[in-house]
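Student: Structure below; questions to follow.
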Protein chains: 2
Amino acid sequence: MKTLSLAELQKLVSIDAAAISAITDAYVAAADGRANVPPVGYLGLPAQNADCHIKYGYITGDPIFVVKIASGFYDNPKRGLPSSNGMVIAISAVTGAIVAILNDEGWLTNLRTGIGGAVATFALCRPDSEIFAVLGTGTQARFQIRAAAAMAKRPVQFLVWGRSVDRAREVVAEFAGSGIEVSLAPDLEEACRSADVIIATTPSTTPFVASEWITPGTHVTAVGADAPGKQELDPALIARADLLVCDLASQCLDHGEFAVAFREGLFRAEDCIELGAILNGSRPGRTSSEAITIADLTGLATQDIAIARTALERVPDLTM
Amino acid sequence: MKTLSLAELQKLVSIDAAAISAITDAYVAAADGRANVPPVGYLGLPAQNADCHIKYGYITGDPIFVVKIASGFYDNPKRGLPSSNGMVIAISAVTGAIVAILNDEGWLTNLRTGIGGAVATFALCRPDSEIFAVLGTGTQARFQIRAAAAMAKRPVQFLVWGRSVDRAREVVAEFAGSGIEVSLAPDLEEACRSADVIIATTPSTTPFVASEWITPGTHVTAVGADAPGKQELDPALIARADLLVCDLASQCLDHGEFAVAFREGLFRAEDCIELGAILNGSRPGRTSSEAITIADLTGLATQDIAIARTALERVPDLTM
């Protein structure tokens, strides 16, 4: 059994071609029936204002299967600790032996979520998209920018907006000199109106992206809403969109960005297409430069499998 | 994060007073509402003739919660590997940090199952019990003998029966000179007829303990049936027993020793008492020296928590 620390994992895997290819395949595997992904396990610790999610699953043909433990202890910041933590356990799909402990402290989840957002964005946005509005100033805003910049085939410009202008300035400052063009958004409405792509990354529980700000041809990737009650987009925008895409319908319609609009009857379940079905060509994606497209990503165990396998394939002398 | 190997764990914890006390409390916690134990997670890998179970939970007030991964790869013996494997992850219930990886290869499960069997046995058997018939010759037969010997307050005698006399002889030989009196059972029927206590540990899928062999006053602890289709006891014996005890009704009535008899309507759900309720005194246990009592144990996540905590409390300088 190999134990890999966060620092070791950060040397093994990044936003690179192999990881992007693995994450793309993770969506396809989920859509085409190659993945065995049981429902997410959930342990609540209400007295601690905490919870723990266990995601696990197997992609047919993989040498490993994966169990991911992700905890959220929401009072940790008061103690100067990050609220999220976790690890990934890779288990041989041949013998059941523990192959590796990936003690990533939640970093692999951030990485696969960033790459997943970029995969969805470039599968659905107009090829001539230039202005990317990034809403939110947390960890995922940074990962989404890095992943989208890595996957963009032409120069793009990121506008960062956050409720706190200071935190938005911090994001801009972090990218100074990186070769990635990141600037402060003038304001939320103006950023949305000018954007070709909007990437929403906040934990908001109140919709704050108004439908009337969104111009035809815009693509929106929403990664913030991953639990009941979270919502970033005006339900009217979801009703108005020409194409609704999700990573997993059972999750997105239950507790993702689309959940409220779905329960309000603003669209039918069959109108929500799984990203993997678009990536493998079995369903059409964007069909016009005027279409508004929205991707709602809640996170898949197949992404955890894919990113863990990508890291482990680069460990010398590791038998999988 | 501390990683503990099997060898290290075997030095830290054994069948001792602290472990017995912790396992006893594990049953009580499950019965009195102090435990938060979500349903067991299950990942099947049918092409590999394999599966993986994930047990996890929290006992209110504990410094840690626990996630246990247990895999069964049933073709492993053909490769010279054990079919079961696994590990236990202890996570801080205060910060969510990973406290320790207990890389026990399934040994802690065997230990807590052995202790759990003995706790049930001595909670329910006649105090003057002398003859303990142990059915089965596998790992759990050995653990049940060791645990029962450790908890017995007076000298007892173990009779071992197995389908393979050679394997039964191996068990007897292993205990030679141990101070624990273990001998070969003359035959199955005779062993059952003479026993004060029967401990059934086989993975049988066909009942092989006949009701007419069981004399009044006998206690039976059944630990073998832990999945649909497994069954060791004649349903007529279950129907005839004066007291049916389980570790967790939802498990035992679904896939434990009691499942078939329950589905056949041989007893009502409310006639099956949880062991923890007897251990904490809220429900009566044995009420007569003539009663036939049966305990059906399928295994609880609270046992996994209890045995992990017992080991970790003995690790020097470990902050939980």
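Convention: chains lettered A, B, ... in structure tokens order; per-chain residue numbering from 1; ligands numbered from 1 as shown.
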Would you list which chain B residues are within 10 Å of chain A using only C-alpha atoms, as an NGL selection string?
Tutor: :B and (1 or 3 or 36-45 or 47-52 or 54-58 or 60-61 or 65 or 67 or 69-76 or 79 or 81-87 or 89 or 91-98 or 101 or 103 or 105)
Student: Keeping only C-alpha atoms, take the residues you just selected and write them out as a PDB file, in the first residue's frame.
Tutor:
```
ATOM      1  CA  MET B   1      -2.293  11.295   9.992  1.00  0.00           C
ATOM      2  CA  THR B   3      -0.920   4.834   9.541  1.00  0.00           C
ATOM      3  CA  ASN B  36     -25.741   7.483  13.794  1.00  0.00           C
ATOM      4  CA  VAL B  37     -25.235   4.524  11.487  1.00  0.00           C
ATOM      5  CA  PRO B  38     -26.347   5.089   7.877  1.00  0.00           C
ATOM      6  CA  PRO B  39     -27.160   2.092   5.676  1.00  0.00           C
ATOM      7  CA  VAL B  40     -24.163   0.047   4.578  1.00  0.00           C
ATOM      8  CA  GLY B  41     -22.752   1.097   1.208  1.00  0.00           C
ATOM      9  CA  TYR B  42     -22.387  -1.678  -1.338  1.00  0.00           C
ATOM     10  CA  LEU B  43     -20.400  -1.849  -4.583  1.00  0.00           C
ATOM     11  CA  GLY B  44     -20.741  -5.048  -6.576  1.00  0.00           C
ATOM     12  CA  LEU B  45     -18.105  -6.162  -9.087  1.00  0.00           C
ATOM     13  CA  ALA B  47     -17.379  -9.772 -13.355  1.00  0.00           C
ATOM     14  CA  GLN B  48     -14.707 -10.213 -10.680  1.00  0.00           C
ATOM     15  CA  ASN B  49     -16.944 -12.287  -8.368  1.00  0.00           C
ATOM     16  CA  ALA B  50     -16.286  -9.555  -5.845  1.00  0.00           C
ATOM     17  CA  ASP B  51     -17.931  -6.897  -3.735  1.00  0.00           C
ATOM     18  CA  CYS B  52     -17.081  -4.096  -1.381  1.00  0.00           C
ATOM     19  CA  ILE B  54     -18.621   0.390   3.309  1.00  0.00           C
ATOM     20  CA  LYS B  55     -19.756   0.680   6.921  1.00  0.00           C
ATOM     21  CA  TYR B  56     -19.593   4.057   8.584  1.00  0.00           C
ATOM     22  CA  GLY B  57     -21.056   5.819  11.531  1.00  0.00           C
ATOM     23  CA  TYR B  58     -20.647   7.898  14.626  1.00  0.00           C
ATOM     24  CA  THR B  60     -22.412  10.629  19.950  1.00  0.00           C
ATOM     25  CA  GLY B  61     -19.623  11.981  22.145  1.00  0.00           C
ATOM     26  CA  PHE B  65     -16.060   8.674  13.518  1.00  0.00           C
ATOM     27  CA  VAL B  67     -15.391   4.552   7.788  1.00  0.00           C
ATOM     28  CA  ILE B  69     -13.986  -0.546   3.779  1.00  0.00           C
ATOM     29  CA  ALA B  70     -14.284  -4.331   3.526  1.00  0.00           C
ATOM     30  CA  SER B  71     -13.791  -6.102   0.227  1.00  0.00           C
ATOM     31  CA  GLY B  72     -14.530  -9.711  -0.674  1.00  0.00           C
ATOM     32  CA  PHE B  73     -12.828 -11.093  -3.799  1.00  0.00           C
ATOM     33  CA  TYR B  74     -14.070 -14.646  -3.797  1.00  0.00           C
ATOM     34  CA  ASP B  75     -11.718 -15.926  -6.502  1.00  0.00           C
ATOM     35  CA  ASN B  76      -8.655 -14.801  -4.524  1.00  0.00           C
ATOM     36  CA  ARG B  79      -4.485 -17.082  -6.513  1.00  0.00           C
ATOM     37  CA  LEU B  81      -4.684 -14.694  -1.581  1.00  0.00           C
ATOM     38  CA  PRO B  82      -7.221 -14.268   1.231  1.00  0.00           C
ATOM     39  CA  SER B  83     -10.675 -13.400  -0.086  1.00  0.00           C
ATOM     40  CA  SER B  84     -11.285 -10.616   2.401  1.00  0.00           C
ATOM     41  CA  ASN B  85      -9.381  -7.398   2.781  1.00  0.00           C
ATOM     42  CA  GLY B  86     -10.052  -3.981   4.149  1.00  0.00           C
ATOM     43  CA  MET B  87      -9.141  -1.026   6.246  1.00  0.00           C
ATOM     44  CA  ILE B  89     -10.299   5.118   8.577  1.00  0.00           C
ATOM     45  CA  ILE B  91     -11.702  10.746  11.276  1.00  0.00           C
ATOM     46  CA  SER B  92     -11.797  13.496  13.892  1.00  0.00           C
ATOM     47  CA  ALA B  93     -15.375  14.268  14.907  1.00  0.00           C
ATOM     48  CA  VAL B  94     -14.153  17.752  15.878  1.00  0.00           C
ATOM     49  CA  THR B  95     -12.281  18.911  12.765  1.00  0.00           C
ATOM     50  CA  GLY B  96     -12.859  16.265  10.078  1.00  0.00           C
ATOM     51  CA  ALA B  97      -9.116  15.643   9.828  1.00  0.00           C
ATOM     52  CA  ILE B  98      -8.026  12.094   9.077  1.00  0.00           C
ATOM     53  CA  ILE B 101      -5.542   4.747   8.762  1.00  0.00           C
ATOM     54  CA  ASN B 103      -4.578  -0.959   7.653  1.00  0.00           C
ATOM     55  CA  GLU B 105      -6.532  -6.272   6.353  1.00  0.00           C
TER      56      GLU B 105
END
```
Student: Where does DSSP see strand (DSSP E) in stretch 33-278 of chain A, if you list the residues as a PyMOL selection string?
Tutor: chain A and resi 35-36+41-45+50-59+64-73+84-92+98-103+131-135+157-161+181-184+197-200+219-222+243-246+272-274
Student: Residues near A:Ala17, anyone? I mean within 12 Å using only C-alpha atoms, not counting same-chain ones fewer than 3 positions away, as a PyMOL selection string.
Tutor: chain A and resi 13-14+20-24+115+119+147+150-151+307+310
Student: How would the residues just picked look written out with N, CA and C atoms as an mmCIF file, in the first residue's frame?
Tutor:
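Result went into again_10.cif, see below:
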```
data_model
loop_
_atom_site.group_PDB
_atom_site.id
_atom_site.type_symbol
_atom_site.label_atom_id
_atom_site.label_comp_id
_atom_site.auth_asym_id
_atom_site.auth_seq_id
_atom_site.Cartn_x
_atom_site.Cartn_y
_atom_site.Cartn_z
ATOM 1 N N VAL A 13 -0.058 15.064 -10.743
ATOM 2 C CA VAL A 13 -1.200 15.340 -11.618
ATOM 3 C C VAL A 13 -1.512 16.830 -11.595
ATOM 4 N N SER A 14 -1.941 17.342 -12.732
ATOM 5 C CA SER A 14 -2.285 18.754 -12.836
ATOM 6 C C SER A 14 -3.325 18.886 -13.946
ATOM 7 N N ILE A 20 -7.320 15.843 -18.474
ATOM 8 C CA ILE A 20 -8.495 16.325 -19.218
ATOM 9 C C ILE A 20 -9.155 15.163 -19.969
ATOM 10 N N SER A 21 -8.336 14.322 -20.578
ATOM 11 C CA SER A 21 -8.878 13.164 -21.292
ATOM 12 C C SER A 21 -9.579 12.207 -20.323
ATOM 13 N N ALA A 22 -8.985 11.986 -19.155
ATOM 14 C CA ALA A 22 -9.582 11.080 -18.165
ATOM 15 C C ALA A 22 -10.913 11.621 -17.647
ATOM 16 N N ILE A 23 -10.966 12.927 -17.407
ATOM 17 C CA ILE A 23 -12.205 13.530 -16.890
ATOM 18 C C ILE A 23 -13.288 13.524 -17.972
ATOM 19 N N THR A 24 -12.880 13.775 -19.223
ATOM 20 C CA THR A 24 -13.846 13.690 -20.327
ATOM 21 C C THR A 24 -14.447 12.286 -20.378
ATOM 22 N N ILE A 115 -11.378 20.873 -13.857
ATOM 23 C CA ILE A 115 -11.256 20.295 -15.196
ATOM 24 C C ILE A 115 -12.639 19.959 -15.755
ATOM 25 N N VAL A 119 -14.252 21.159 -19.265
ATOM 26 C CA VAL A 119 -14.705 20.187 -20.270
ATOM 27 C C VAL A 119 -16.136 20.525 -20.701
ATOM 28 N N ALA A 147 -8.268 25.861 -15.472
ATOM 29 C CA ALA A 147 -8.646 24.773 -16.375
ATOM 30 C C ALA A 147 -9.162 25.326 -17.706
ATOM 31 N N ALA A 150 -6.313 26.543 -19.763
ATOM 32 C CA ALA A 150 -5.534 25.434 -20.322
ATOM 33 C C ALA A 150 -6.228 24.816 -21.524
ATOM 34 N N MET A 151 -7.553 24.801 -21.523
ATOM 35 C CA MET A 151 -8.291 24.141 -22.608
ATOM 36 C C MET A 151 -8.652 25.079 -23.751
ATOM 37 N N ILE A 307 -9.415 10.915 -11.852
ATOM 38 C CA ILE A 307 -8.284 11.746 -11.436
ATOM 39 C C ILE A 307 -7.314 10.927 -10.574
ATOM 40 N N THR A 310 -5.324 8.743 -12.952
ATOM 41 C CA THR A 310 -4.327 9.551 -13.673
ATOM 42 C C THR A 310 -3.095 9.776 -12.798
#
```
Student: Wanna dump the stretch 81-113 of chain A-stretch 7-12 of chain A contacts at 9 Å for me, each residue with its shortest atom pair and the distance in Å to one decimal, counting only C-alpha atoms, ordered by chain and number, as a tab-separated table?
Tutor:
```
residue	atom	partner	partner_atom	distance
A:Leu102	CA	A:Leu9	CA	7.5
A:Asn103	CA	A:Leu9	CA	8.4
A:Asp104	CA	A:Leu9	CA	7.0
A:Trp107	CA	A:Gln10	CA	8.5
A:Leu108	CA	A:Leu9	CA	8.3
```
Student: Keeping only C-alpha atoms, write the selected residues as a PDB file, in the first residue's frame.
Tutor:
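Printed below is again.pdb as written:
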```pdb
ATOM      1  CA  LEU A 102      -4.303   9.535  -1.691  1.00  0.00           C
ATOM      2  CA  ASN A 103      -4.193  11.903   1.261  1.00  0.00           C
ATOM      3  CA  ASP A 104      -5.134  14.881  -0.855  1.00  0.00           C
ATOM      4  CA  TRP A 107      -7.343  18.911  -3.526  1.00  0.00           C
ATOM      5  CA  LEU A 108      -8.106  16.204  -6.099  1.00  0.00           C
TER       6      LEU A 108
END
```
Student: What parts of stretch 100-276 of chain B does DSSP call alpha helix (DSSP H)? I'd like the answer as a PyMOL selection string.
Tutor: chain B and resi 107-124+139-151+165-175+188-194+235-240+249-255+259-263+275-276
Student: Take the selection from the previous step and output its residues with C-alpha atoms, as a PDB file, in the first residue's frame.
Tutor:
```
ATOM      1  CA  TRP B 107      -8.394  -8.344  11.296  1.00  0.00           C
ATOM      2  CA  LEU B 108     -10.227  -5.756  13.419  1.00  0.00           C
ATOM      3  CA  THR B 109     -13.513  -7.028  11.973  1.00  0.00           C
ATOM      4  CA  ASN B 110     -12.610 -10.565  13.006  1.00  0.00           C
ATOM      5  CA  LEU B 111     -11.644  -9.338  16.473  1.00  0.00           C
ATOM      6  CA  ARG B 112     -14.786  -7.287  17.066  1.00  0.00           C
ATOM      7  CA  THR B 113     -16.962 -10.106  15.698  1.00  0.00           C
ATOM      8  CA  GLY B 114     -15.321 -12.561  18.099  1.00  0.00           C
ATOM      9  CA  ILE B 115     -15.757 -10.267  21.077  1.00  0.00           C
ATOM     10  CA  GLY B 116     -19.322  -9.429  19.999  1.00  0.00           C
ATOM     11  CA  GLY B 117     -20.199 -13.121  19.895  1.00  0.00           C
ATOM     12  CA  ALA B 118     -18.873 -13.654  23.405  1.00  0.00           C
ATOM     13  CA  VAL B 119     -20.694 -10.578  24.717  1.00  0.00           C
ATOM     14  CA  ALA B 120     -23.968 -11.954  23.311  1.00  0.00           C
ATOM     15  CA  THR B 121     -23.242 -15.456  24.565  1.00  0.00           C
ATOM     16  CA  PHE B 122     -22.574 -14.448  28.166  1.00  0.00           C
ATOM     17  CA  ALA B 123     -25.488 -12.008  28.203  1.00  0.00           C
ATOM     18  CA  LEU B 124     -27.863 -14.852  27.331  1.00  0.00           C
ATOM     19  CA  THR B 139     -11.138 -17.789  11.377  1.00  0.00           C
ATOM     20  CA  GLN B 140     -14.277 -16.914  13.296  1.00  0.00           C
ATOM     21  CA  ALA B 141     -14.377 -20.294  15.078  1.00  0.00           C
ATOM     22  CA  ARG B 142     -10.953 -19.444  16.507  1.00  0.00           C
ATOM     23  CA  PHE B 143     -11.906 -15.875  17.481  1.00  0.00           C
ATOM     24  CA  GLN B 144     -15.162 -17.035  19.108  1.00  0.00           C
ATOM     25  CA  ILE B 145     -13.286 -19.611  21.201  1.00  0.00           C
ATOM     26  CA  ARG B 146     -10.669 -17.130  22.335  1.00  0.00           C
ATOM     27  CA  ALA B 147     -13.245 -14.455  23.175  1.00  0.00           C
ATOM     28  CA  ALA B 148     -15.584 -16.846  25.009  1.00  0.00           C
ATOM     29  CA  ALA B 149     -12.662 -18.304  26.967  1.00  0.00           C
ATOM     30  CA  ALA B 150     -11.567 -14.786  27.957  1.00  0.00           C
ATOM     31  CA  MET B 151     -15.053 -13.826  29.166  1.00  0.00           C
ATOM     32  CA  VAL B 165     -12.613 -33.467  10.452  1.00  0.00           C
ATOM     33  CA  ASP B 166      -9.059 -32.553   9.447  1.00  0.00           C
ATOM     34  CA  ARG B 167      -9.805 -28.847   9.700  1.00  0.00           C
ATOM     35  CA  ALA B 168     -11.527 -29.393  13.061  1.00  0.00           C
ATOM     36  CA  ARG B 169      -8.396 -31.235  14.249  1.00  0.00           C
ATOM     37  CA  GLU B 170      -6.297 -28.239  13.166  1.00  0.00           C
ATOM     38  CA  VAL B 171      -8.374 -25.957  15.391  1.00  0.00           C
ATOM     39  CA  VAL B 172      -8.005 -28.358  18.324  1.00  0.00           C
ATOM     40  CA  ALA B 173      -4.255 -28.584  17.727  1.00  0.00           C
ATOM     41  CA  GLU B 174      -3.901 -24.807  17.651  1.00  0.00           C
ATOM     42  CA  PHE B 175      -5.304 -24.528  21.170  1.00  0.00           C
ATOM     43  CA  LEU B 188     -22.624 -32.734  15.024  1.00  0.00           C
ATOM     44  CA  GLU B 189     -25.812 -34.091  16.587  1.00  0.00           C
ATOM     45  CA  GLU B 190     -24.071 -35.282  19.752  1.00  0.00           C
ATOM     46  CA  ALA B 191     -22.238 -31.952  20.109  1.00  0.00           C
ATOM     47  CA  CYS B 192     -25.497 -30.014  19.793  1.00  0.00           C
ATOM     48  CA  ARG B 193     -27.346 -32.341  22.208  1.00  0.00           C
ATOM     49  CA  SER B 194     -24.669 -32.052  24.884  1.00  0.00           C
ATOM     50  CA  PRO B 235     -36.283 -22.423  11.094  1.00  0.00           C
ATOM     51  CA  ALA B 236     -38.258 -24.696  13.465  1.00  0.00           C
ATOM     52  CA  LEU B 237     -35.635 -23.966  16.139  1.00  0.00           C
ATOM     53  CA  ILE B 238     -36.098 -20.236  15.651  1.00  0.00           C
ATOM     54  CA  ALA B 239     -39.872 -20.661  15.879  1.00  0.00           C
ATOM     55  CA  ARG B 240     -39.466 -22.729  19.050  1.00  0.00           C
ATOM     56  CA  ALA B 249     -33.326  -5.812  13.675  1.00  0.00           C
ATOM     57  CA  SER B 250     -33.214  -4.121  10.268  1.00  0.00           C
ATOM     58  CA  GLN B 251     -30.186  -6.239   9.309  1.00  0.00           C
ATOM     59  CA  CYS B 252     -31.064  -9.552  10.981  1.00  0.00           C
ATOM     60  CA  LEU B 253     -34.621  -9.704   9.671  1.00  0.00           C
ATOM     61  CA  ASP B 254     -33.401  -8.771   6.190  1.00  0.00           C
ATOM     62  CA  HIS B 255     -30.285 -10.870   5.646  1.00  0.00           C
ATOM     63  CA  ALA B 259     -34.426 -13.636   7.806  1.00  0.00           C
ATOM     64  CA  VAL B 260     -36.006 -16.790   6.344  1.00  0.00           C
ATOM     65  CA  ALA B 261     -37.993 -17.630   9.477  1.00  0.00           C
ATOM     66  CA  PHE B 262     -39.189 -14.028   9.663  1.00  0.00           C
ATOM     67  CA  ARG B 263     -40.314 -14.005   6.042  1.00  0.00           C
ATOM     68  CA  LEU B 275     -28.904  -7.089  22.232  1.00  0.00           C
ATOM     69  CA  GLY B 276     -28.132  -3.540  23.374  1.00  0.00           C
TER      70      GLY B 276
END
```
Student: I want to know what sits within 7 Å of stretch 211-221 of chain B, based on only C-alpha atoms, with residues of the same chain fewer than 2 positions away left out; could you give that as a ChimeraX atom specification?
Tutor: /B:117,121,124-126,189,192-193,195-200,209,223,234,236-237,289-296
Student: Would you write out those residues with C-alpha atoms, as a PDB file, in the first residue's frame?
Tutor:
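Result written to out.pdb:
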```
ATOM      1  CA  GLY B 117     -20.199 -13.121  19.895  1.00  0.00           C
ATOM      2  CA  THR B 121     -23.242 -15.456  24.565  1.00  0.00           C
ATOM      3  CA  LEU B 124     -27.863 -14.852  27.331  1.00  0.00           C
ATOM      4  CA  CYS B 125     -26.505 -18.279  28.290  1.00  0.00           C
ATOM      5  CA  ARG B 126     -27.134 -20.042  31.606  1.00  0.00           C
ATOM      6  CA  GLU B 189     -25.812 -34.091  16.587  1.00  0.00           C
ATOM      7  CA  CYS B 192     -25.497 -30.014  19.793  1.00  0.00           C
ATOM      8  CA  ARG B 193     -27.346 -32.341  22.208  1.00  0.00           C
ATOM      9  CA  ALA B 195     -23.998 -28.339  24.521  1.00  0.00           C
ATOM     10  CA  ASP B 196     -25.056 -25.606  26.915  1.00  0.00           C
ATOM     11  CA  VAL B 197     -23.947 -23.069  24.322  1.00  0.00           C
ATOM     12  CA  ILE B 198     -23.747 -23.450  20.541  1.00  0.00           C
ATOM     13  CA  ILE B 199     -21.708 -20.966  18.544  1.00  0.00           C
ATOM     14  CA  ALA B 200     -22.416 -21.263  14.820  1.00  0.00           C
ATOM     15  CA  VAL B 209     -28.622 -27.505  13.108  1.00  0.00           C
ATOM     16  CA  VAL B 223     -22.537 -15.276  13.539  1.00  0.00           C
ATOM     17  CA  ASP B 234     -33.454 -25.007  11.350  1.00  0.00           C
ATOM     18  CA  ALA B 236     -38.258 -24.696  13.465  1.00  0.00           C
ATOM     19  CA  LEU B 237     -35.635 -23.966  16.139  1.00  0.00           C
ATOM     20  CA  SER B 289     -32.851 -22.043  33.048  1.00  0.00           C
ATOM     21  CA  GLU B 290     -35.084 -23.987  30.636  1.00  0.00           C
ATOM     22  CA  ALA B 291     -35.324 -21.251  28.004  1.00  0.00           C
ATOM     23  CA  ILE B 292     -33.820 -21.639  24.565  1.00  0.00           C
ATOM     24  CA  THR B 293     -32.210 -18.353  23.535  1.00  0.00           C
ATOM     25  CA  ILE B 294     -30.760 -17.439  20.134  1.00  0.00           C
ATOM     26  CA  ALA B 295     -28.608 -14.436  19.237  1.00  0.00           C
ATOM     27  CA  ASP B 296     -28.245 -13.533  15.544  1.00  0.00           C
TER      28      ASP B 296
END
```
Student: Which of these, A:Lys78, A:Arg309, A:His53, A:Arg34, has the shortest distance to A:Ala100 once you count only C-alpha atoms?
Tutor: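 Ranked by minimum distance to A:Ala100, first place goes to A:Arg309.
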Student: Under the rule that only C-alpha atoms are counted, which of B:Gln157, B:Thr287, B:Thr319, B:Thr302 is the nearest residue to B:Gly33?
Tutor: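 So, comparing all the options, the nearest one is B:Thr302.
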Student: Tell me, as a CSV table (one decimal) with C-alpha atoms, in the first residue's frame, which residues lie within 7 Å of B:Lys230, counting only C-alpha atoms; anything in the same chain fewer than 5 positions away does not count.
Tutor:
```csv
chain,number,residue,atom,x,y,z
B,203,PRO,CA,-21.1,-19.6,5.8
B,204,SER,CA,-23.6,-22.4,5.3
B,205,THR,CA,-26.5,-21.7,2.9
B,225,ALA,CA,-25.3,-15.6,8.3
```
Student: For A:Asp187, which residue among A:Gly285, A:Pro207, A:Gly162, A:Gly256 is the nearest when counting only C-alpha atoms?
Tutor: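 Ranked by minimum distance to A:Asp187, first place goes to A:Gly162.
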Student: To one decimal place in Å, what is the distance between atom CA of B:Ile180 and atom CA of B:Val134?
Tutor: 13.4 Å
